file final-v4.pdb (PDB, C-alpha atoms)
ATOM      1  CA  MET T   1       4.672  54.086  -6.442
ATOM      2  CA  VAL T   2       6.742  51.751  -8.538
ATOM      3  CA  ASP T   3       5.968  48.919  -6.166
ATOM      4  CA  GLU T   4       2.257  49.515  -6.539
ATOM      5  CA  GLU T   5       2.511  49.253 -10.295
ATOM      6  CA  LYS T   6       4.542  46.105 -10.041
ATOM      7  CA  LEU T   7       2.031  44.564  -7.672
ATOM      8  CA  GLN T   8      -0.812  45.439 -10.011
ATOM      9  CA  GLU T   9       1.054  43.855 -12.891
ATOM     10  CA  LEU T  10       1.732  40.725 -10.862
ATOM     11  CA  LYS T  11      -1.940  40.510  -9.921
ATOM     12  CA  GLU T  12      -2.948  40.591 -13.557
ATOM     13  CA  ARG T  13      -0.420  37.953 -14.447
ATOM     14  CA  ILE T  14      -1.637  35.643 -11.687
ATOM     15  CA  GLN T  15      -5.220  36.197 -12.811
ATOM     16  CA  SER T  16      -4.455  35.340 -16.428
ATOM     17  CA  ALA T  17      -2.414  32.310 -15.354
ATOM     18  CA  LYS T  18      -5.346  31.060 -13.292
ATOM     19  CA  VAL T  19      -7.714  31.417 -16.226
ATOM     20  CA  THR T  20      -5.457  29.503 -18.613
ATOM     21  CA  ASN T  21      -4.943  26.869 -15.952
ATOM     22  CA  LYS T  22      -8.675  26.307 -15.688
ATOM     23  CA  THR T  23      -9.209  26.031 -19.427
ATOM     24  CA  GLN T  24      -6.367  23.554 -19.657
ATOM     25  CA  GLN T  25      -7.957  21.390 -16.988
ATOM     26  CA  LYS T  26     -11.212  21.326 -18.906
ATOM     27  CA  ARG T  27      -9.504  20.262 -22.082
ATOM     28  CA  LYS T  28      -8.098  17.109 -20.519
ATOM     29  CA  LYS T  29      -9.330  14.224 -22.641
ATOM     30  CA  GLU T  30      -8.733  10.526 -22.691
ATOM     31  CA  SER T  31      -7.463   8.458 -25.569
ATOM     32  CA  GLY T  32      -9.818   6.002 -27.231
ATOM     33  CA  ALA T  33      -7.725   2.996 -26.241
ATOM     34  CA  GLY T  34      -7.670   4.047 -22.586
ATOM     35  CA  PHE T  35     -11.422   4.462 -22.637
ATOM     36  CA  GLY T  36     -11.905   1.019 -24.177
ATOM     37  CA  PHE T  37      -9.610  -0.496 -21.588
ATOM     38  CA  LYS T  38     -11.623   1.056 -18.783
ATOM     39  CA  ILE T  39     -14.939  -0.269 -20.095
ATOM     40  CA  SER T  40     -13.636  -3.758 -20.880
ATOM     41  CA  THR T  41     -12.007  -4.251 -17.471
ATOM     42  CA  GLU T  42     -15.296  -3.323 -15.793
ATOM     43  CA  ILE T  43     -17.185  -6.001 -17.736
ATOM     44  CA  ILE T  44     -14.470  -8.632 -17.313
ATOM     45  CA  ALA T  45     -14.120  -8.029 -13.574
ATOM     46  CA  ALA T  46     -17.860  -8.432 -12.998
ATOM     47  CA  LEU T  47     -17.925 -11.591 -15.127
ATOM     48  CA  VAL T  48     -14.981 -13.070 -13.206
ATOM     49  CA  VAL T  49     -16.745 -12.486  -9.896
ATOM     50  CA  GLY T  50     -20.042 -13.871 -11.243
ATOM     51  CA  VAL T  51     -18.475 -17.041 -12.640
ATOM     52  CA  GLY T  52     -16.410 -17.466  -9.445
ATOM     53  CA  ILE T  53     -19.509 -17.289  -7.246
ATOM     54  CA  GLY T  54     -21.332 -19.645  -9.617
ATOM     55  CA  LEU T  55     -18.578 -22.253  -9.417
ATOM     56  CA  ILE T  56     -18.412 -22.022  -5.617
ATOM     57  CA  VAL T  57     -22.207 -22.371  -5.323
ATOM     58  CA  ASP T  58     -22.127 -25.409  -7.619
ATOM     59  CA  LYS T  59     -19.343 -27.018  -5.636
ATOM     60  CA  TYR T  60     -20.965 -26.697  -2.219
ATOM     61  CA  LEU T  61     -24.667 -27.006  -3.082
ATOM     62  CA  GLY T  62     -24.263 -29.643  -5.804
ATOM     63  CA  THR T  63     -26.400 -27.759  -8.331
ATOM     64  CA  LYS T  64     -23.914 -28.549 -11.036
ATOM     65  CA  PRO T  65     -24.776 -26.425 -14.084
ATOM     66  CA  PHE T  66     -27.439 -24.065 -12.766
ATOM     67  CA  GLY T  67     -25.411 -22.017 -10.298
ATOM     68  CA  LEU T  68     -22.869 -21.232 -12.991
ATOM     69  CA  ILE T  69     -25.549 -20.312 -15.529
ATOM     70  CA  ILE T  70     -27.483 -18.061 -13.175
ATOM     71  CA  PHE T  71     -24.451 -16.299 -11.720
ATOM     72  CA  PHE T  72     -22.892 -15.900 -15.150
ATOM     73  CA  ILE T  73     -25.974 -13.941 -16.180
ATOM     74  CA  PHE T  74     -25.866 -11.953 -12.929
ATOM     75  CA  GLY T  75     -22.197 -11.230 -13.559
ATOM     76  CA  ALA T  76     -22.901 -10.001 -17.081
ATOM     77  CA  LEU T  77     -25.677  -7.742 -15.802
ATOM     78  CA  ALA T  78     -23.369  -6.421 -13.076
ATOM     79  CA  GLY T  79     -20.823  -5.697 -15.803
ATOM     80  CA  PHE T  80     -23.376  -3.597 -17.676
ATOM     81  CA  LEU T  81     -24.221  -1.825 -14.429
ATOM     82  CA  ASN T  82     -20.521  -1.039 -13.900
ATOM     83  CA  VAL T  83     -20.237   0.362 -17.422
ATOM     84  CA  TYR T  84     -23.357   2.453 -16.863
ATOM     85  CA  ARG T  85     -21.855   3.889 -13.677
ATOM     86  CA  VAL T  86     -18.555   4.692 -15.395
ATOM     87  CA  MET T  87     -20.381   6.456 -18.199
ATOM     88  CA  ARG T  88     -22.457   8.468 -15.751
ATOM     89  CA  ARG T  89     -19.306   9.475 -13.852
ATOM     90  CA  ILE T  90     -17.650  10.618 -17.083
ATOM     91  CA  GLU T  91     -20.707  12.603 -18.119
ATOM     92  CA  LYS T  92     -20.792  14.385 -14.771
ATOM     93  CA  GLN T  93     -17.301  15.786 -15.278
TER      94      GLN T  93
ATOM     95  CA  MET I   1      15.428 -18.384 -33.916
ATOM     96  CA  ALA I   2      17.493 -17.612 -30.862
ATOM     97  CA  ALA I   3      20.347 -19.930 -30.012
ATOM     98  CA  LYS I   4      19.795 -22.467 -27.310
ATOM     99  CA  GLY I   5      19.932 -21.039 -23.828
ATOM    100  CA  GLU I   6      19.325 -17.515 -25.095
ATOM    101  CA  LYS I   7      16.033 -15.801 -24.433
ATOM    102  CA  HIS I   8      14.666 -13.022 -26.568
ATOM    103  CA  SER I   9      11.038 -13.116 -25.623
ATOM    104  CA  PRO I  10       9.297  -9.772 -25.098
ATOM    105  CA  LEU I  11       7.908 -11.282 -21.909
ATOM    106  CA  GLU I  12      11.343 -12.064 -20.504
ATOM    107  CA  GLN I  13      11.380  -8.708 -18.693
ATOM    108  CA  PHE I  14       8.564  -9.817 -16.397
ATOM    109  CA  GLU I  15      10.449 -12.805 -15.053
ATOM    110  CA  ILE I  16      10.927 -12.927 -11.282
ATOM    111  CA  ILE I  17      14.533 -13.635 -10.388
ATOM    112  CA  PRO I  18      15.117 -14.555  -6.734
ATOM    113  CA  PHE I  19      18.378 -13.217  -5.315
ATOM    114  CA  THR I  20      18.171 -15.239  -2.121
ATOM    115  CA  LYS I  21      16.416 -18.446  -1.234
ATOM    116  CA  THR I  22      14.444 -17.796   1.924
ATOM    117  CA  GLU I  23      11.564 -19.843   3.177
ATOM    118  CA  ILE I  24       9.645 -19.355   6.405
ATOM    119  CA  ALA I  25       6.944 -21.820   7.477
ATOM    120  CA  GLY I  26       6.515 -23.105   3.928
ATOM    121  CA  TYR I  27       6.161 -19.654   2.400
ATOM    122  CA  ASP I  28       8.660 -18.485  -0.156
ATOM    123  CA  ILE I  29       9.787 -15.024   0.913
ATOM    124  CA  SER I  30      12.936 -14.796  -1.195
ATOM    125  CA  PHE I  31      14.330 -11.373  -1.963
ATOM    126  CA  THR I  32      13.638 -10.957  -5.699
ATOM    127  CA  ASN I  33      14.152  -8.336  -8.381
ATOM    128  CA  SER I  34      10.554  -7.314  -7.713
ATOM    129  CA  SER I  35      11.333  -6.644  -4.045
ATOM    130  CA  LEU I  36      14.461  -4.742  -5.031
ATOM    131  CA  SER I  37      12.401  -2.588  -7.386
ATOM    132  CA  MET I  38       9.909  -1.827  -4.618
ATOM    133  CA  ILE I  39      12.692  -0.893  -2.213
ATOM    134  CA  ILE I  40      14.196   1.428  -4.837
ATOM    135  CA  THR I  41      10.765   3.015  -5.315
ATOM    136  CA  VAL I  42      10.238   3.602  -1.611
ATOM    137  CA  ALA I  43      13.791   4.949  -1.266
ATOM    138  CA  VAL I  44      13.321   7.338  -4.201
ATOM    139  CA  ILE I  45      10.029   8.627  -2.780
ATOM    140  CA  THR I  46      11.429   9.078   0.722
ATOM    141  CA  LEU I  47      14.659  10.729  -0.384
ATOM    142  CA  PHE I  48      12.973  12.986  -2.922
ATOM    143  CA  LEU I  49      10.241  14.198  -0.613
ATOM    144  CA  THR I  50      12.477  14.743   2.411
ATOM    145  CA  LEU I  51      15.381  16.353   0.565
ATOM    146  CA  THR I  52      13.316  18.733  -1.542
ATOM    147  CA  VAL I  53      11.127  19.961   1.295
ATOM    148  CA  ASN I  54      14.113  20.145   3.653
ATOM    149  CA  THR I  55      14.859  23.816   2.935
ATOM    150  CA  ARG I  56      11.259  24.854   3.715
ATOM    151  CA  SER I  57      11.715  28.142   1.900
ATOM    152  CA  LEU I  58       8.701  30.391   1.488
ATOM    153  CA  VAL I  59       9.587  30.931  -2.155
ATOM    154  CA  PRO I  60      10.061  27.321  -3.263
ATOM    155  CA  THR I  61      12.895  26.084  -5.385
ATOM    156  CA  ARG I  62      12.054  24.035  -8.476
ATOM    157  CA  MET I  63      12.404  20.715  -6.699
ATOM    158  CA  GLN I  64      10.385  21.853  -3.713
ATOM    159  CA  LEU I  65       7.718  23.009  -6.136
ATOM    160  CA  ILE I  66       7.449  19.491  -7.582
ATOM    161  CA  SER I  67       6.883  18.028  -4.119
ATOM    162  CA  GLU I  68       4.308  20.683  -3.309
ATOM    163  CA  LEU I  69       2.550  20.065  -6.615
ATOM    164  CA  MET I  70       2.248  16.365  -5.816
ATOM    165  CA  TYR I  71       0.920  17.176  -2.354
ATOM    166  CA  ASN I  72      -1.596  19.671  -3.732
ATOM    167  CA  PHE I  73      -2.654  17.302  -6.477
ATOM    168  CA  VAL I  74      -3.687  14.548  -4.076
ATOM    169  CA  ALA I  75      -5.125  16.985  -1.533
ATOM    170  CA  GLN I  76      -7.260  18.564  -4.268
ATOM    171  CA  LEU I  77      -8.372  15.136  -5.454
ATOM    172  CA  LEU I  78      -9.498  14.152  -1.964
ATOM    173  CA  SER I  79     -11.315  17.401  -1.203
ATOM    174  CA  ASP I  80     -13.060  17.292  -4.602
ATOM    175  CA  THR I  81     -14.355  13.741  -4.254
ATOM    176  CA  VAL I  82     -14.742  13.088  -0.525
ATOM    177  CA  GLY I  83     -14.971  16.590   0.915
ATOM    178  CA  ASP I  84     -14.007  17.476   4.475
ATOM    179  CA  ASN I  85     -14.138  13.862   5.620
ATOM    180  CA  GLY I  86     -11.342  13.055   3.234
ATOM    181  CA  LYS I  87      -8.555  14.839   5.125
ATOM    182  CA  LYS I  88      -8.017  11.839   7.405
ATOM    183  CA  TYR I  89      -7.228   9.599   4.464
ATOM    184  CA  PHE I  90      -4.683  11.886   2.848
ATOM    185  CA  PRO I  91      -1.629   9.907   4.096
ATOM    186  CA  PHE I  92      -3.079   6.656   2.772
ATOM    187  CA  VAL I  93      -4.104   7.962  -0.643
ATOM    188  CA  PHE I  94      -0.885   9.948  -1.024
ATOM    189  CA  SER I  95       1.299   6.911  -0.221
ATOM    190  CA  LEU I  96      -0.713   4.752  -2.601
ATOM    191  CA  PHE I  97      -0.529   7.331  -5.391
ATOM    192  CA  MET I  98       3.199   7.913  -4.945
ATOM    193  CA  PHE I  99       3.974   4.202  -4.721
ATOM    194  CA  VAL I 100       2.141   3.409  -7.948
ATOM    195  CA  LEU I 101       3.388   6.528  -9.756
ATOM    196  CA  ILE I 102       7.066   6.203  -8.849
ATOM    197  CA  GLY I 103       6.848   2.426  -9.288
ATOM    198  CA  ASN I 104       5.641   2.939 -12.855
ATOM    199  CA  MET I 105       8.284   5.602 -13.470
ATOM    200  CA  VAL I 106      11.106   3.450 -12.083
ATOM    201  CA  GLY I 107       9.843   0.725 -14.403
ATOM    202  CA  MET I 108      10.332   3.053 -17.375
ATOM    203  CA  ILE I 109      14.099   3.060 -16.807
ATOM    204  CA  PRO I 110      15.665   0.468 -19.144
ATOM    205  CA  TYR I 111      16.727  -2.808 -17.492
ATOM    206  CA  GLN I 112      14.609  -1.922 -14.485
ATOM    207  CA  PHE I 113      11.891  -4.293 -13.314
ATOM    208  CA  THR I 114       8.282  -2.981 -13.268
ATOM    209  CA  PHE I 115       6.541  -4.455 -10.251
ATOM    210  CA  THR I 116       3.151  -2.965 -11.200
ATOM    211  CA  SER I 117       3.110  -5.300 -14.220
ATOM    212  CA  HIS I 118       2.429  -8.244 -11.898
ATOM    213  CA  ILE I 119      -1.211  -8.782 -11.041
ATOM    214  CA  ILE I 120      -0.453 -10.100  -7.568
ATOM    215  CA  VAL I 121       1.134  -6.760  -6.620
ATOM    216  CA  THR I 122      -1.723  -4.649  -7.957
ATOM    217  CA  PHE I 123      -4.310  -7.048  -6.568
ATOM    218  CA  ALA I 124      -2.732  -6.800  -3.115
ATOM    219  CA  LEU I 125      -2.887  -2.993  -3.326
ATOM    220  CA  ALA I 126      -6.496  -3.093  -4.524
ATOM    221  CA  SER I 127      -7.421  -5.586  -1.784
ATOM    222  CA  VAL I 128      -6.062  -3.244   0.868
ATOM    223  CA  VAL I 129      -8.286  -0.486  -0.545
ATOM    224  CA  PHE I 130     -11.313  -2.780  -0.854
ATOM    225  CA  ILE I 131     -11.070  -4.331   2.620
ATOM    226  CA  GLY I 132     -10.258  -0.972   4.203
ATOM    227  CA  VAL I 133     -13.227   0.726   2.536
ATOM    228  CA  THR I 134     -15.597  -2.100   3.514
ATOM    229  CA  ILE I 135     -14.478  -1.875   7.146
ATOM    230  CA  LEU I 136     -14.852   1.904   6.952
ATOM    231  CA  GLY I 137     -18.409   1.491   5.681
ATOM    232  CA  PHE I 138     -19.290  -0.812   8.585
ATOM    233  CA  VAL I 139     -17.663   1.539  11.102
ATOM    234  CA  ASN I 140     -19.603   4.527   9.767
ATOM    235  CA  HIS I 141     -22.995   2.912   9.209
ATOM    236  CA  GLY I 142     -22.942  -0.312  11.195
ATOM    237  CA  ILE I 143     -25.389  -2.902   9.919
ATOM    238  CA  LYS I 144     -27.071  -0.226   7.784
ATOM    239  CA  PHE I 145     -24.131  -0.547   5.411
ATOM    240  CA  PHE I 146     -26.022  -3.409   3.755
ATOM    241  CA  THR I 147     -28.583  -0.907   2.463
ATOM    242  CA  PHE I 148     -25.805   0.043   0.045
ATOM    243  CA  PHE I 149     -26.997  -2.898  -2.034
ATOM    244  CA  TYR I 150     -30.642  -1.842  -1.823
ATOM    245  CA  ILE I 151     -31.733   0.646  -4.459
ATOM    246  CA  PRO I 152     -34.675   2.782  -3.351
ATOM    247  CA  GLY I 153     -37.496   3.554  -5.737
ATOM    248  CA  VAL I 154     -37.532   0.214  -7.513
ATOM    249  CA  PRO I 155     -40.565  -2.145  -7.664
ATOM    250  CA  PHE I 156     -40.278  -4.723  -4.867
ATOM    251  CA  TYR I 157     -40.249  -7.728  -7.217
ATOM    252  CA  MET I 158     -37.054  -6.423  -8.848
ATOM    253  CA  HIS I 159     -35.013  -6.674  -5.656
ATOM    254  CA  PRO I 160     -34.208 -10.420  -5.808
ATOM    255  CA  LEU I 161     -32.635  -9.640  -9.179
ATOM    256  CA  LEU I 162     -30.982  -6.338  -8.330
ATOM    257  CA  ILE I 163     -29.386  -7.213  -4.992
ATOM    258  CA  PRO I 164     -27.160 -10.032  -6.362
ATOM    259  CA  ILE I 165     -26.178  -7.744  -9.243
ATOM    260  CA  GLU I 166     -25.261  -4.979  -6.818
ATOM    261  CA  VAL I 167     -23.249  -7.392  -4.658
ATOM    262  CA  ILE I 168     -21.347  -8.739  -7.674
ATOM    263  CA  SER I 169     -20.738  -5.198  -8.871
ATOM    264  CA  TYR I 170     -19.325  -4.326  -5.440
ATOM    265  CA  LEU I 171     -17.132  -7.435  -5.317
ATOM    266  CA  SER I 172     -15.776  -6.719  -8.793
ATOM    267  CA  ARG I 173     -14.231  -3.427  -7.628
ATOM    268  CA  PRO I 174     -10.832  -4.761  -6.499
ATOM    269  CA  ILE I 175     -10.556  -6.890  -9.651
ATOM    270  CA  SER I 176     -11.279  -4.059 -12.069
ATOM    271  CA  LEU I 177      -8.994  -1.748 -10.059
ATOM    272  CA  SER I 178      -6.063  -4.178 -10.133
ATOM    273  CA  VAL I 179      -6.564  -5.511 -13.673
ATOM    274  CA  ARG I 180      -6.630  -2.004 -15.144
ATOM    275  CA  LEU I 181      -3.249  -1.022 -13.723
ATOM    276  CA  PHE I 182      -1.650  -4.413 -14.342
ATOM    277  CA  ALA I 183      -2.909  -4.788 -17.933
ATOM    278  CA  ASN I 184      -1.876  -1.279 -18.928
ATOM    279  CA  MET I 185       1.664  -1.735 -17.646
ATOM    280  CA  LEU I 186       1.999  -5.252 -19.062
ATOM    281  CA  ALA I 187       0.678  -4.294 -22.507
ATOM    282  CA  GLY I 188       2.771  -1.140 -22.723
ATOM    283  CA  HIS I 189       6.051  -2.771 -21.753
ATOM    284  CA  THR I 190       5.447  -5.771 -24.007
ATOM    285  CA  LEU I 191       4.681  -3.469 -26.937
ATOM    286  CA  LEU I 192       7.929  -1.573 -26.344
ATOM    287  CA  LYS I 193       9.939  -4.791 -26.397
ATOM    288  CA  VAL I 194       8.176  -6.122 -29.503
ATOM    289  CA  PHE I 195       9.041  -2.954 -31.414
ATOM    290  CA  ALA I 196      12.585  -3.093 -30.069
ATOM    291  CA  GLY I 197      12.782  -6.563 -31.633
ATOM    292  CA  PHE I 198      11.763  -5.086 -35.014
ATOM    293  CA  VAL I 199      14.688  -2.656 -34.887
ATOM    294  CA  VAL I 200      17.115  -5.578 -34.937
ATOM    295  CA  ALA I 201      15.141  -7.793 -37.297
ATOM    296  CA  MET I 202      14.448  -5.332 -40.104
ATOM    297  CA  PRO I 203      16.968  -5.140 -42.970
ATOM    298  CA  PHE I 204      19.297  -2.238 -43.815
ATOM    299  CA  PHE I 205      18.308   1.101 -42.341
ATOM    300  CA  THR I 206      14.563   0.446 -42.192
ATOM    301  CA  GLY I 207      15.127  -0.460 -38.561
ATOM    302  CA  ALA I 208      15.205   3.270 -37.833
ATOM    303  CA  LEU I 209      11.458   3.404 -38.404
ATOM    304  CA  PRO I 210      10.452   1.268 -35.404
ATOM    305  CA  LEU I 211      13.135   3.087 -33.413
ATOM    306  CA  VAL I 212      11.335   6.387 -33.977
ATOM    307  CA  PHE I 213       8.135   4.649 -33.017
ATOM    308  CA  ILE I 214       9.714   3.430 -29.768
ATOM    309  CA  VAL I 215      10.661   6.978 -28.830
ATOM    310  CA  ALA I 216       7.068   8.088 -29.323
ATOM    311  CA  LEU I 217       5.765   5.030 -27.437
ATOM    312  CA  THR I 218       8.059   5.753 -24.501
ATOM    313  CA  GLY I 219       6.498   9.183 -24.195
ATOM    314  CA  LEU I 220       3.042   7.630 -24.314
ATOM    315  CA  GLU I 221       4.073   5.053 -21.709
ATOM    316  CA  ILE I 222       5.155   7.786 -19.302
ATOM    317  CA  LEU I 223       1.770   9.430 -19.796
ATOM    318  CA  ILE I 224       0.018   6.108 -19.112
ATOM    319  CA  ALA I 225       2.192   5.537 -16.039
ATOM    320  CA  PHE I 226       0.965   8.824 -14.615
ATOM    321  CA  LEU I 227      -2.624   8.332 -15.761
ATOM    322  CA  GLN I 228      -2.902   4.899 -14.158
ATOM    323  CA  ALA I 229      -1.562   6.157 -10.835
ATOM    324  CA  TYR I 230      -4.111   8.979 -11.069
ATOM    325  CA  VAL I 231      -6.938   6.553 -11.845
ATOM    326  CA  PHE I 232      -5.914   4.324  -8.946
ATOM    327  CA  ALA I 233      -5.928   7.287  -6.571
ATOM    328  CA  ILE I 234      -9.212   8.782  -7.795
ATOM    329  CA  LEU I 235     -11.024   5.435  -7.600
ATOM    330  CA  THR I 236      -9.742   4.971  -4.046
ATOM    331  CA  CYS I 237     -11.169   8.408  -3.236
ATOM    332  CA  LEU I 238     -14.509   7.515  -4.826
ATOM    333  CA  TYR I 239     -14.711   4.282  -2.829
ATOM    334  CA  ILE I 240     -13.938   6.140   0.394
ATOM    335  CA  ASN I 241     -16.690   8.576  -0.544
ATOM    336  CA  ASP I 242     -19.099   5.655  -1.061
ATOM    337  CA  ALA I 243     -18.293   4.392   2.414
ATOM    338  CA  TYR I 244     -19.459   7.742   3.817
ATOM    339  CA  HIS I 245     -22.451   8.463   1.615
ATOM    340  CA  LEU I 246     -24.362   5.329   0.731
ATOM    341  CA  HIS I 247     -25.815   6.064  -2.745
TER     342      HIS I 247
END

call {"tool": "encode", "arguments": {"input": "final-v4.pdb", "output": "structure tokens"}}
result
Amino acid sequence: MVDEEKLQELKERIQSAKVTNKTQQKRKKESGAGFGFKISTEIIAALVVGVGIGLIVDKYLGTKPFGLIIFFIFGALAGFLNVYRVMRRIEKQ
Amino acid sequence: MAAKGEKHSPLEQFEIIPFTKTEIAGYDISFTNSSLSMIITVAVITLFLTLTVNTRSLVPTRMQLISELMYNFVAQLLSDTVGDNGKKYFPFVFSLFMFVLIGNMVGMIPYQFTFTSHIIVTFALASVVFIGVTILGFVNHGIKFFTFFYIPGVPFYMHPLLIPIEVISYLSRPISLSVRLFANMLAGHTLLKVFAGFVVAMPFFTGALPLVFIVALTGLEILIAFLQAYVFAILTCLYINDAYHLH
């Protein structure tokens, strides 16, 4: 009899612990600086790749300024796309 | 300000000091403080995980609980993002997560080198993920993997514009992955050292103020060390998921 009561009590405790655990997980938030870091690295990374491709294209095709200009713009757009994807991923959570 | 020969730069901590001078086929493979730090990290992980799980008791001790928590954490992460396919990649993601996490934590010990604050280390880790995921995509989908860059439901004249953007976005993954970890560790450790410099430089007892700040910053740094390892692991999971489900 005593064991039954104890088990029941334990069950309730586990249940309440699970509930608090879930609410704690939901509350997890990021700091503003961390968020800014995330966004800025996405833009910078895409720009680095875009400029890199532009320079390589210029070097091997001899289209001196135009490859850089075009791929710089592509890189910037890809950066925006990255940011958009990050934002969508955050909103899903 | 410092006397000649002395160095008090906040960036001094990131200096690579070779312990041996080894060179094979023109490549410098000297054993450095960075390598030592990595070996310590791997040793700590191996010893901790094997010793704590050694007892294999059904009711875990505190230490065993920590190991099991880490295991569950990564397993949960993989099953949440990738699903059933993800089980195969558990060893890889778990090793990566533990290496970055314990590497950051070992770096938090004073006088200890932080290898994650060097971009070449994080870029190598990110490259392994990137190349592995690309190969995985080709293995799963063959030549159809290229449709990853093709967005359905867009007017046909937009594709010449969108495909290069998609390709650049894909290629930027390893860079953003590595720069995020590297920059966070570099900035945090530099900030700590700059404030440590204020403690000495400020007159009378006002130096206690930055000291209090350092204590708070150290706590924040430990949080960031964990958070960055988590971000690295979750992004790896997301990329593996992308290799399975295009779009």

call {"tool": "resolve_selection", "arguments": {"input": "final-v4.pdb", "expression": "the PyMOL selection byres ((chain T and resi 71-74) around 6)", "output": "list in words"}}
result
Gly50, Val51, Gly54, Gly67, Leu68, Ile69, Ile70, Gly75, Ala76 and Leu77 of chain T; Ile165 of chain I

call {"tool": "resolve_selection", "arguments": {"input": "final-v4.pdb", "expression": "the PyMOL selection byres ((chain T) within 8 of (chain I))", "output": "PyMOL selection string"}}
result
chain T and resi 37-38+41-42+44-46+48-50+74-75+77-79+81-82

call {"tool": "atom_distance", "arguments": {"input": "final-v4.pdb", "atom1": "CA of Phe66 (chain T)", "atom2": "CA of Tyr150 (chain I)"}}
result
25.0 Å

call {"tool": "residues_near_point", "arguments": {"input": "final-v4.pdb", "point": "(8.0, -13.4, -10.0)", "cutoff": "12 Å", "atoms": "all atoms listed in the file", "output": "ChimeraX atom specification"}}
result
/I:12-19,28-37,113-121

call {"tool": "atom_distance", "arguments": {"input": "final-v4.pdb", "atom1": "CA of Gly153 (chain I)", "atom2": "CA of Glu91 (chain T)"}}
result
22.7 Å

call {"tool": "resolve_selection", "arguments": {"input": "final-v4.pdb", "expression": "the PyMOL selection byres ((chain I and resi 146) around 12)", "output": "mmCIF file with C-alpha atoms, keeping the file's coordinate frame"}}
result
data_model
loop_
_atom_site.group_PDB
_atom_site.id
_atom_site.type_symbol
_atom_site.label_atom_id
_atom_site.label_comp_id
_atom_site.auth_asym_id
_atom_site.auth_seq_id
_atom_site.Cartn_x
_atom_site.Cartn_y
_atom_site.Cartn_z
ATOM 1 C CA THR I 134 -15.597 -2.100 3.514
ATOM 2 C CA GLY I 137 -18.409 1.491 5.681
ATOM 3 C CA PHE I 138 -19.290 -0.812 8.585
ATOM 4 C CA ASN I 140 -19.603 4.527 9.767
ATOM 5 C CA HIS I 141 -22.995 2.912 9.209
ATOM 6 C CA GLY I 142 -22.942 -0.312 11.195
ATOM 7 C CA ILE I 143 -25.389 -2.902 9.919
ATOM 8 C CA LYS I 144 -27.071 -0.226 7.784
ATOM 9 C CA PHE I 145 -24.131 -0.547 5.411
ATOM 10 C CA THR I 147 -28.583 -0.907 2.463
ATOM 11 C CA PHE I 148 -25.805 0.043 0.045
ATOM 12 C CA PHE I 149 -26.997 -2.898 -2.034
ATOM 13 C CA TYR I 150 -30.642 -1.842 -1.823
ATOM 14 C CA ILE I 151 -31.733 0.646 -4.459
ATOM 15 C CA ILE I 163 -29.386 -7.213 -4.992
ATOM 16 C CA GLU I 166 -25.261 -4.979 -6.818
ATOM 17 C CA VAL I 167 -23.249 -7.392 -4.658
ATOM 18 C CA TYR I 170 -19.325 -4.326 -5.440
ATOM 19 C CA ALA I 243 -18.293 4.392 2.414
ATOM 20 C CA LEU I 246 -24.362 5.329 0.731
ATOM 21 C CA HIS I 247 -25.815 6.064 -2.745
#

call {"tool": "closest_atom_pairs", "arguments": {"input": "final-v4.pdb", "of": "region 44-119 of chain I", "to": "region 201-222 of chain I", "cutoff": "9 Å", "atoms": "only C-alpha atoms", "output": "CSV"}}
result
residue,atom,partner,partner_atom,distance
I:Asn104,CA,I:Ile222,CA,8.1
I:Met105,CA,I:Ile222,CA,7.0
I:Met108,CA,I:Ile222,CA,7.3

call {"tool": "atom_distance", "arguments": {"input": "final-v4.pdb", "atom1": "CA of Phe97 (chain I)", "atom2": "CA of Val74 (chain I)"}}
result
8.0 Å

call {"tool": "closest_residue", "arguments": {"input": "final-v4.pdb", "among": "I:Thr41, I:Ser57, I:Gln112, I:Thr236", "to": "Phe90 (chain I)", "atoms": "only C-alpha atoms"}}
result
I:Thr236

call {"tool": "axis_aligned_box", "arguments": {"input": "final-v4.pdb", "around": "region 78-88 of chain T", "padding_each_side": "4 Å", "output": "lines of an AutoDock Vina configuration file"}}
result
center_x = -21.4
center_y = 1.0
center_z = -15.6
size_x = 13.7
size_y = 22.9
size_z = 13.1

call {"tool": "residues_around", "arguments": {"input": "final-v4.pdb", "residues": "Tyr89 (chain I)", "least_positions_apart": "5", "cutoff": "9 Å", "atoms": "all atoms listed in the file", "output": "mmCIF file with C-alpha atoms, keeping the file's coordinate frame"}}
result
data_model
loop_
_atom_site.group_PDB
_atom_site.id
_atom_site.type_symbol
_atom_site.label_atom_id
_atom_site.label_comp_id
_atom_site.auth_asym_id
_atom_site.auth_seq_id
_atom_site.Cartn_x
_atom_site.Cartn_y
_atom_site.Cartn_z
ATOM 1 C CA LEU I 78 -9.498 14.152 -1.964
ATOM 2 C CA PHE I 94 -0.885 9.948 -1.024
ATOM 3 C CA CYS I 237 -11.169 8.408 -3.236
ATOM 4 C CA ILE I 240 -13.938 6.140 0.394
#

call {"tool": "closest_residue", "arguments": {"input": "final-v4.pdb", "among": "I:Met158, I:Met185, I:Val139, I:Leu96", "to": "Ile234 (chain I)", "atoms": "all atoms listed in the file"}}
result
I:Leu96
